[in-house]
>>> print(open('work17.txt').read())   # compact mmCIF, C-alpha atoms
# COMPACT_ATOMS: atom_id res chain seq x y z
CA MET A 538 -23.35 -5.75 4.90
CA ARG A 539 -20.68 -8.17 3.66
CA TYR A 540 -18.56 -7.14 0.70
CA THR A 541 -17.19 -9.45 -2.00
CA ASN A 542 -14.59 -9.44 -4.76
CA SER A 543 -15.50 -8.87 -8.38
CA ASP A 544 -13.78 -12.19 -9.14
CA PRO A 545 -14.96 -15.28 -7.20
CA ALA A 546 -11.58 -15.64 -5.47
CA ALA A 547 -11.02 -17.93 -2.49
CA VAL A 548 -10.42 -15.21 0.09
CA PRO A 549 -10.49 -15.10 3.02
CA LYS A 550 -9.00 -18.49 3.80
CA THR A 551 -10.68 -20.99 6.09
CA PHE A 552 -9.34 -21.71 9.58
CA ARG A 553 -8.40 -25.19 8.32
CA GLU A 554 -6.20 -23.67 5.63
CA VAL A 555 -4.67 -21.27 8.15
CA ARG A 556 -3.76 -24.22 10.39
CA GLN A 557 -2.27 -26.07 7.43
CA TRP A 558 -0.07 -23.07 6.55
CA ARG A 559 1.12 -22.70 10.13
CA ARG A 560 2.04 -26.37 10.34
CA GLN A 561 4.02 -26.16 7.12
CA ARG A 562 5.91 -22.99 7.98
CA GLY A 563 7.35 -24.14 11.33
CA GLY A 564 10.59 -25.67 10.08
CA LYS A 565 10.68 -23.60 6.91
CA MET A 566 11.01 -20.27 8.71
CA LYS A 567 14.06 -21.40 10.70
CA ASP A 568 16.12 -21.38 7.50
CA LYS A 569 15.03 -17.93 6.36
CA ASP A 570 17.64 -15.17 6.11
CA TYR A 571 16.39 -11.79 7.31
CA SER A 572 19.81 -10.12 7.36
CA TYR A 573 18.99 -7.95 4.33
CA GLN A 574 17.41 -4.62 5.21
CA VAL A 575 15.83 -2.09 2.89
CA PRO A 576 18.38 0.73 2.47
CA PHE A 577 17.74 3.91 4.44
CA VAL A 578 18.60 7.50 3.58
CA ASP A 579 18.11 10.44 5.89
CA PRO A 580 14.93 12.26 4.84
CA ASP A 581 15.21 15.88 3.73
CA LEU A 582 12.85 17.18 6.40
CA VAL A 583 13.64 20.86 5.81
CA TYR A 584 12.66 20.48 2.17
CA LEU A 585 9.52 18.46 2.92
CA HIS A 586 8.28 20.91 5.54
CA GLY A 587 8.88 23.87 3.24
CA ASN A 588 7.67 22.38 -0.04
CA SER A 589 4.21 23.32 -1.30
CA THR A 590 4.75 23.39 -5.05
CA GLU A 591 6.81 20.42 -6.23
CA PRO A 592 5.19 16.96 -6.53
CA THR A 593 7.10 14.49 -4.35
CA LEU A 594 6.95 10.89 -3.20
CA THR A 595 8.71 9.58 -0.08
CA TRP A 596 8.62 5.93 0.98
CA VAL A 597 8.19 5.66 4.74
CA GLY A 598 7.99 1.85 4.63
CA HIS A 599 5.56 -1.02 4.01
CA SER A 600 2.55 0.60 2.24
CA THR A 601 3.14 4.02 3.76
CA PHE A 602 4.05 6.79 1.32
CA PHE A 603 4.16 10.51 2.02
CA MET A 604 3.14 12.45 -1.09
CA GLN A 605 3.00 16.14 -1.86
CA LEU A 606 0.69 16.99 -4.75
CA ALA A 607 -0.83 20.37 -5.65
CA GLY A 608 0.02 21.77 -2.22
CA LEU A 609 -1.55 18.86 -0.33
CA ASN A 610 0.33 16.57 2.04
CA ILE A 611 -1.05 13.04 1.52
CA ILE A 612 -0.16 9.81 3.29
CA THR A 613 -1.17 6.23 2.48
CA ASP A 614 -1.90 3.45 5.00
CA PRO A 615 0.26 5.02 7.74
CA ILE A 616 1.92 2.58 10.14
CA TRP A 617 4.79 3.13 12.57
CA ALA A 618 4.14 0.11 14.80
CA GLU A 619 7.28 -1.43 16.27
CA LYS A 620 5.57 -4.83 16.42
CA LEU A 621 2.99 -6.53 14.25
CA ALA A 622 1.61 -10.00 15.06
CA PHE A 623 4.35 -10.52 17.68
CA HIS A 624 7.13 -9.77 15.16
CA ARG A 625 9.37 -6.73 15.49
CA ARG A 626 9.64 -4.29 12.63
CA LEU A 627 12.51 -5.31 10.34
CA THR A 628 13.74 -1.82 9.44
CA ARG A 629 13.16 1.67 10.76
CA PRO A 630 10.68 3.92 8.97
CA GLY A 631 11.94 6.41 6.43
CA ILE A 632 10.43 9.26 8.43
CA SER A 633 9.37 9.13 12.06
CA ALA A 634 5.74 9.96 12.75
CA ALA A 635 6.82 13.02 14.73
CA ASP A 636 8.76 14.37 11.73
CA VAL A 637 6.00 14.02 9.14
CA PRO A 638 4.76 17.44 7.98
CA PRO A 639 1.12 18.26 8.84
CA VAL A 640 -1.08 15.89 6.85
CA ASP A 641 -4.08 17.05 4.82
CA VAL A 642 -5.35 13.70 3.50
CA ILE A 643 -4.94 10.14 4.76
CA LEU A 644 -5.82 7.30 2.39
CA ILE A 645 -6.78 3.93 3.90
CA SER A 646 -6.95 0.98 1.49
CA HIS A 647 -8.59 -1.51 3.88
CA SER A 648 -8.91 -2.44 7.54
CA HIS A 649 -6.17 -5.06 8.05
CA TYR A 650 -3.91 -4.09 10.93
CA ASP A 651 -0.84 -3.47 8.77
CA HIS A 652 -2.81 -0.88 6.77
CA LEU A 653 -5.16 0.64 9.34
CA ASN A 654 -3.16 1.33 12.49
CA ILE A 655 -5.14 3.54 14.85
CA ALA A 656 -2.17 4.53 17.03
CA SER A 657 -0.25 5.67 13.95
CA LEU A 658 -3.19 7.74 12.71
CA LYS A 659 -3.34 9.54 16.02
CA GLN A 660 0.38 10.38 15.90
CA LEU A 661 -0.04 12.48 12.77
CA THR A 662 -0.72 16.21 12.88
CA GLY A 663 -2.70 18.37 10.47
CA SER A 664 -6.30 18.58 9.31
CA LYS A 665 -6.27 14.85 8.46
CA VAL A 666 -9.21 14.20 6.18
CA LEU A 667 -9.52 10.40 6.06
CA ILE A 668 -10.66 8.88 2.77
CA VAL A 669 -11.65 5.29 3.46
CA PRO A 670 -13.54 2.33 1.97
CA VAL A 671 -17.27 2.06 2.51
CA GLY A 672 -18.02 0.38 5.83
CA LEU A 673 -15.13 1.94 7.77
CA ALA A 674 -16.40 5.40 8.67
CA ASP A 675 -18.47 4.39 11.70
CA LYS A 676 -15.60 2.33 13.11
CA LEU A 677 -13.24 5.29 12.80
CA ARG A 678 -15.72 7.70 14.36
CA ARG A 679 -15.85 5.42 17.39
CA LYS A 680 -12.06 5.81 17.58
CA GLY A 681 -12.38 9.59 17.74
CA PHE A 682 -11.96 10.64 14.10
CA SER A 683 -14.53 13.01 12.62
CA SER A 684 -13.34 14.21 9.20
CA ILE A 685 -14.03 11.11 7.11
CA ILE A 686 -15.04 10.54 3.49
CA GLU A 687 -16.27 7.04 2.67
CA LEU A 688 -16.07 5.71 -0.90
CA ASP A 689 -17.30 2.68 -2.82
CA TRP A 690 -15.42 1.35 -5.86
CA TRP A 691 -15.16 3.93 -8.66
CA GLN A 692 -16.47 6.73 -6.47
CA SER A 693 -14.41 9.91 -6.16
CA ALA A 694 -13.84 12.72 -3.70
CA GLU A 695 -12.07 16.02 -4.26
CA VAL A 696 -9.98 17.88 -1.70
CA SER A 697 -8.49 21.26 -2.66
CA GLY A 698 -8.41 20.41 -6.34
CA VAL A 699 -6.98 16.91 -5.95
CA LYS A 700 -9.27 14.06 -7.04
CA PHE A 701 -9.17 10.72 -5.24
CA THR A 702 -10.93 7.76 -6.88
CA PHE A 703 -11.33 4.50 -4.95
CA VAL A 704 -10.66 1.58 -7.30
CA PRO A 705 -11.11 -2.19 -6.93
CA ALA A 706 -8.61 -4.68 -5.55
CA GLN A 707 -8.87 -8.42 -4.95
CA HIS A 708 -8.53 -8.83 -1.22
CA TRP A 709 -10.61 -9.05 1.97
CA THR A 710 -10.83 -7.47 5.43
CA ARG A 711 -11.08 -8.49 9.06
CA ARG A 712 -10.12 -6.93 12.39
CA THR A 713 -12.13 -9.19 14.72
CA LEU A 714 -13.71 -12.63 14.50
CA VAL A 715 -17.11 -11.13 13.71
CA ASP A 716 -16.40 -8.34 11.20
CA THR A 717 -15.05 -10.24 8.19
CA ASN A 718 -15.60 -8.22 4.99
CA SER A 719 -17.83 -5.71 6.79
CA SER A 720 -15.90 -2.95 5.01
CA LEU A 721 -14.56 -2.78 1.48
CA TRP A 722 -10.95 -2.85 0.20
CA GLY A 723 -9.23 -1.26 -2.76
CA GLY A 724 -6.69 1.23 -4.06
CA PHE A 725 -6.71 4.88 -5.06
CA VAL A 726 -6.01 6.84 -8.22
CA ILE A 727 -4.89 10.37 -7.39
CA GLU A 728 -5.29 13.06 -10.06
CA CYS A 729 -4.65 16.78 -10.13
CA LYS A 730 -3.85 19.47 -12.66
CA ASP A 731 -0.20 19.87 -13.72
CA ALA A 732 0.99 16.98 -11.56
CA PRO A 733 1.59 13.26 -12.10
CA THR A 734 -1.29 10.80 -11.73
CA VAL A 735 -0.50 8.26 -9.00
CA TYR A 736 -2.08 4.83 -8.53
CA PHE A 737 -1.76 3.35 -5.02
CA ALA A 738 -2.78 -0.30 -5.31
CA GLY A 739 -3.26 -1.16 -1.62
CA ASP A 740 -3.25 -4.96 -1.15
CA SER A 741 -4.40 -7.24 -3.95
CA GLY A 742 -4.13 -10.58 -5.64
CA TYR A 743 -3.83 -10.55 -9.41
CA PHE A 744 -7.17 -9.97 -11.18
CA ASP A 745 -8.70 -8.44 -14.31
CA GLY A 746 -9.46 -5.26 -12.38
CA PHE A 747 -5.96 -3.97 -13.12
CA LYS A 748 -6.88 -3.81 -16.81
CA GLN A 749 -10.11 -2.00 -15.96
CA ILE A 750 -8.17 0.56 -13.93
CA GLY A 751 -5.83 1.12 -16.87
CA MET A 752 -8.75 1.59 -19.26
CA ARG A 753 -10.49 4.09 -16.99
CA PHE A 754 -7.28 5.95 -16.18
CA PRO A 755 -5.09 5.83 -19.30
CA ASP A 756 -2.56 8.40 -18.06
CA ILE A 757 -1.20 6.89 -14.83
CA ASP A 758 2.36 8.11 -14.28
CA VAL A 759 3.34 6.19 -11.15
CA ALA A 760 1.98 2.87 -9.86
CA LEU A 761 2.73 1.97 -6.24
CA MET A 762 2.46 -1.83 -6.24
CA PRO A 763 2.84 -4.49 -3.50
CA ILE A 764 5.45 -7.22 -4.02
CA GLY A 765 5.64 -8.99 -0.63
CA ALA A 766 3.63 -11.43 1.53
CA TYR A 767 3.09 -13.88 -1.35
CA ASP A 768 4.63 -17.11 0.03
CA PRO A 769 3.21 -19.77 0.14
CA GLU A 770 1.47 -18.96 -3.10
CA TRP A 771 -1.22 -21.64 -2.65
CA PHE A 772 -2.36 -19.73 0.42
CA MET A 773 -1.52 -16.11 -0.37
CA GLY A 774 -2.12 -16.07 -4.12
CA PRO A 775 -5.73 -14.84 -4.22
CA GLN A 776 -4.97 -11.92 -1.89
CA HIS A 777 -1.32 -10.93 -2.56
CA VAL A 778 0.41 -10.66 -5.92
CA THR A 779 3.83 -12.19 -6.42
CA PRO A 780 6.58 -9.85 -7.66
CA GLU A 781 6.05 -11.22 -11.17
CA GLU A 782 2.29 -10.64 -10.96
CA ALA A 783 2.91 -7.13 -9.64
CA LEU A 784 4.82 -6.27 -12.81
CA LYS A 785 2.10 -7.89 -14.91
CA ALA A 786 -0.50 -5.78 -13.10
CA PHE A 787 1.64 -2.69 -13.66
CA ARG A 788 1.71 -3.37 -17.38
CA ASP A 789 -2.05 -3.98 -17.34
CA THR A 790 -2.58 -0.47 -15.96
CA GLY A 791 -0.37 1.11 -18.60
CA ALA A 792 1.43 3.15 -15.95
CA ARG A 793 4.77 4.70 -16.86
CA CYS A 794 6.68 3.92 -13.67
CA PHE A 795 6.50 1.15 -11.07
CA VAL A 796 7.43 1.60 -7.40
CA PRO A 797 7.44 -1.56 -5.21
CA MET A 798 6.01 -1.53 -1.69
CA HIS A 799 4.59 -3.91 0.93
CA TYR A 800 7.91 -5.59 1.63
CA GLY A 801 10.83 -5.10 3.98
CA SER A 802 9.07 -3.80 7.10
CA TYR A 803 7.18 -6.72 8.67
CA LYS A 804 7.11 -10.52 8.60
CA LEU A 805 3.65 -11.11 7.14
CA ALA A 806 4.21 -14.37 5.25
CA ASP A 807 7.04 -16.78 4.43
CA ASP A 808 8.97 -14.66 1.91
CA THR A 809 11.84 -12.41 2.95
CA PRO A 810 12.54 -8.88 1.67
CA ARG A 811 15.55 -10.13 -0.30
CA GLU A 812 13.54 -12.93 -1.91
CA ALA A 813 10.88 -10.46 -3.04
CA LEU A 814 13.47 -8.13 -4.55
CA ASP A 815 15.37 -10.97 -6.22
CA ARG A 816 12.21 -12.17 -7.95
CA LEU A 817 11.29 -8.61 -8.92
CA GLU A 818 14.72 -7.93 -10.40
CA ALA A 819 14.76 -11.24 -12.28
CA GLU A 820 11.40 -10.43 -13.84
CA MET A 821 12.59 -6.90 -14.66
CA ASN A 822 15.50 -8.42 -16.56
CA ARG A 823 13.27 -10.91 -18.35
CA LEU A 824 10.94 -8.11 -19.45
CA ARG A 825 13.88 -5.77 -20.17
CA LEU A 826 12.54 -3.08 -17.87
CA THR A 827 15.00 -0.38 -16.86
CA ALA A 828 15.69 1.20 -13.48
CA GLU A 829 13.91 4.31 -14.78
CA THR A 830 10.74 2.27 -15.30
CA VAL A 831 11.00 0.28 -12.06
CA ARG A 832 12.05 2.70 -9.34
CA ILE A 833 13.18 0.83 -6.20
CA LEU A 834 13.20 3.41 -3.43
CA PRO A 835 15.10 3.27 -0.15
CA HIS A 836 13.27 4.25 2.99
CA GLY A 837 13.41 8.01 3.49
CA GLU A 838 14.30 9.07 -0.05
CA THR A 839 12.19 11.82 -1.58
CA TRP A 840 11.61 11.46 -5.30
CA GLN A 841 10.61 14.63 -7.12
CA LEU A 842 7.92 13.49 -9.53
CA LYS A 843 7.60 14.73 -13.09
CA LYS A 844 4.50 14.72 -15.27
>>> encode(input="work17.txt", output="structure tokens")
Amino acid sequence: MRYTNSDPAAVPKTFREVRQWRRQRGGKMKDKDYSYQVPFVDPDLVYLHGNSTEPTLTWVGHSTFFMQLAGLNIITDPIWAEKLAFHRRLTRPGISAADVPPVDVILISHSHYDHLNIASLKQLTGSKVLIVPVGLADKLRRKGFSSIIELDWWQSAEVSGVKFTFVPAQHWTRRTLVDTNSSLWGGFVIECKDAPTVYFAGDSGYFDGFKQIGMRFPDIDVALMPIGAYDPEWFMGPQHVTPEEALKAFRDTGARCFVPMHYGSYKLADDTPREALDRLEAEMNRLRLTAETVRILPHGETWQLKK
């Protein structure tokens, strides 16, 4: 089974296009400034380990968030790898894997190595129910995981009163040369009683699906949106939103608050963390969005969410 996008987008790229990008980036990357690092605050581990009532959100780094909702400990796309594609991690994670409280639910958006990191999954403790895109369950069982729920777009699963709905994204997947798009990709909308509704977008280019998500889920409180790995746009555009497109997608969903992610941890494309933030902040100013609407988190900070 090979999965496709709802829009006829040009992803994945051909090997010819990959070679063209690599030729172009050689000299370009020498002039890039990676001195900026995402700010870090010491995580409140005592609070996180003891909390079972307050909704919280903690940015670990990249697309990894630790959430506490309705008594569940939830983590998205966990990765603690020190290296990715021969590049060292740019900043330390907000919480070490060893310090993460026992995890009840792990959400995997797709199978790319910066979102599905097997070693990181195995470092986590807890019951660890994995909720994954259709096509991934058998691969994870072969890696030793047994508690797996597989979802197609718009399908839902409930764990201890928390509802997880897998929603579309515009992207693609591959882990080997022969498994391109053999599993699906997407994001998750997380709903529960008396707690904020959270939308985790995963990886995506800009597409009309963001409007569909907003129509189906009109009460999203927090949208976790990617802003990095967009440069060069001719190559990355169909699969990764720019910071400006991320804010456009956020407004399409009708969410109340935007939290940026997918920047600052790894060198995945030609943009730097500072470039991504500069473009985001410029677009915030153009749209007159406040810091209460666009919440830029440091690594390790725990934000107590309000409905």
>>> closest_atom_pairs(input="work17.txt", of="segment 591-619 of chain A", to="segment 626-643 of chain A", cutoff="8 Å", atoms="all atoms listed in the file", output="tab-separated table")
residue	atom	partner	partner_atom	distance
A:Thr595	CA	A:Gly631	CA	7.9
A:Trp596	CA	A:Gly631	CA	6.4
A:Val597	CA	A:Gly631	CA	4.2
A:Gly598	CA	A:Pro630	CA	5.5
A:Leu609	CA	A:Asp641	CA	6.0
A:Asn610	CA	A:Val640	CA	5.1
A:Ile611	CA	A:Val642	CA	4.8
A:Ile612	CA	A:Ile643	CA	5.0
A:Thr613	CA	A:Ile643	CA	5.9
A:Asp614	CA	A:Ile643	CA	7.4
A:Pro615	CA	A:Ile643	CA	7.9
A:Trp617	CA	A:Ala634	CA	6.9
A:Ala618	CA	A:Arg626	CA	7.4
A:Glu619	CA	A:Arg626	CA	5.2
>>> residues_around(input="work17.txt", residues="His647 of chain A", least_positions_apart="2", cutoff="12 Å", atoms="all atoms listed in the file", output="PyMOL selection string")
chain A and resi 540+600+613-615+644-645+649-654+668-674+687-689+703-712+717-725+738-741
>>> write_last_selection(input="work17.txt", atoms="C-alpha atoms", output="PDB file, in the frame of the given file")
ATOM      1  CA  TYR A 540     -18.560  -7.140   0.700  1.00  0.00           C
ATOM      2  CA  SER A 600       2.550   0.600   2.240  1.00  0.00           C
ATOM      3  CA  THR A 613      -1.170   6.230   2.480  1.00  0.00           C
ATOM      4  CA  ASP A 614      -1.900   3.450   5.000  1.00  0.00           C
ATOM      5  CA  PRO A 615       0.260   5.020   7.740  1.00  0.00           C
ATOM      6  CA  LEU A 644      -5.820   7.300   2.390  1.00  0.00           C
ATOM      7  CA  ILE A 645      -6.780   3.930   3.900  1.00  0.00           C
ATOM      8  CA  HIS A 649      -6.170  -5.060   8.050  1.00  0.00           C
ATOM      9  CA  TYR A 650      -3.910  -4.090  10.930  1.00  0.00           C
ATOM     10  CA  ASP A 651      -0.840  -3.470   8.770  1.00  0.00           C
ATOM     11  CA  HIS A 652      -2.810  -0.880   6.770  1.00  0.00           C
ATOM     12  CA  LEU A 653      -5.160   0.640   9.340  1.00  0.00           C
ATOM     13  CA  ASN A 654      -3.160   1.330  12.490  1.00  0.00           C
ATOM     14  CA  ILE A 668     -10.660   8.880   2.770  1.00  0.00           C
ATOM     15  CA  VAL A 669     -11.650   5.290   3.460  1.00  0.00           C
ATOM     16  CA  PRO A 670     -13.540   2.330   1.970  1.00  0.00           C
ATOM     17  CA  VAL A 671     -17.270   2.060   2.510  1.00  0.00           C
ATOM     18  CA  GLY A 672     -18.020   0.380   5.830  1.00  0.00           C
ATOM     19  CA  LEU A 673     -15.130   1.940   7.770  1.00  0.00           C
ATOM     20  CA  ALA A 674     -16.400   5.400   8.670  1.00  0.00           C
ATOM     21  CA  GLU A 687     -16.270   7.040   2.670  1.00  0.00           C
ATOM     22  CA  LEU A 688     -16.070   5.710  -0.900  1.00  0.00           C
ATOM     23  CA  ASP A 689     -17.300   2.680  -2.820  1.00  0.00           C
ATOM     24  CA  PHE A 703     -11.330   4.500  -4.950  1.00  0.00           C
ATOM     25  CA  VAL A 704     -10.660   1.580  -7.300  1.00  0.00           C
ATOM     26  CA  PRO A 705     -11.110  -2.190  -6.930  1.00  0.00           C
ATOM     27  CA  ALA A 706      -8.610  -4.680  -5.550  1.00  0.00           C
ATOM     28  CA  GLN A 707      -8.870  -8.420  -4.950  1.00  0.00           C
ATOM     29  CA  HIS A 708      -8.530  -8.830  -1.220  1.00  0.00           C
ATOM     30  CA  TRP A 709     -10.610  -9.050   1.970  1.00  0.00           C
ATOM     31  CA  THR A 710     -10.830  -7.470   5.430  1.00  0.00           C
ATOM     32  CA  ARG A 711     -11.080  -8.490   9.060  1.00  0.00           C
ATOM     33  CA  ARG A 712     -10.120  -6.930  12.390  1.00  0.00           C
ATOM     34  CA  THR A 717     -15.050 -10.240   8.190  1.00  0.00           C
ATOM     35  CA  ASN A 718     -15.600  -8.220   4.990  1.00  0.00           C
ATOM     36  CA  SER A 719     -17.830  -5.710   6.790  1.00  0.00           C
ATOM     37  CA  SER A 720     -15.900  -2.950   5.010  1.00  0.00           C
ATOM     38  CA  LEU A 721     -14.560  -2.780   1.480  1.00  0.00           C
ATOM     39  CA  TRP A 722     -10.950  -2.850   0.200  1.00  0.00           C
ATOM     40  CA  GLY A 723      -9.230  -1.260  -2.760  1.00  0.00           C
ATOM     41  CA  GLY A 724      -6.690   1.230  -4.060  1.00  0.00           C
ATOM     42  CA  PHE A 725      -6.710   4.880  -5.060  1.00  0.00           C
ATOM     43  CA  ALA A 738      -2.780  -0.300  -5.310  1.00  0.00           C
ATOM     44  CA  GLY A 739      -3.260  -1.160  -1.620  1.00  0.00           C
ATOM     45  CA  ASP A 740      -3.250  -4.960  -1.150  1.00  0.00           C
ATOM     46  CA  SER A 741      -4.400  -7.240  -3.950  1.00  0.00           C
TER      47      SER A 741
END
>>> closest_residue(input="work17.txt", among="A:Glu781, A:Glu818, A:Asp756, A:Asp808", to="Pro733 of chain A", atoms="all atoms listed in the file")
A:Asp756
>>> closest_residue(input="work17.txt", among="A:Phe747, A:Phe602, A:Trp840, A:Trp691", to="Leu784 of chain A", atoms="all atoms listed in the file")
A:Phe747
>>> closest_residue(input="work17.txt", among="A:Leu621, A:Ile655, A:Ile750, A:Ala783", to="Trp690 of chain A", atoms="only C-alpha atoms")
A:Ile750
>>> atom_distance(input="work17.txt", atom1="atom CA of Arg793 of chain A", atom2="atom CA of Asp768 of chain A")
27.6 Å
>>> axis_aligned_box(input="work17.txt", around="segment 573-577 of chain A", padding_each_side="5 Å", output="lines of an AutoDock Vina configuration file")
center_x = 17.4
center_y = -2.0
center_z = 3.8
size_x = 13.2
size_y = 21.9
size_z = 12.7
>>> closest_residue(input="work17.txt", among="A:Ile686, A:Phe772, A:Asp716, A:Asp789", to="Tyr743 of chain A", atoms="all atoms listed in the file")
A:Asp789
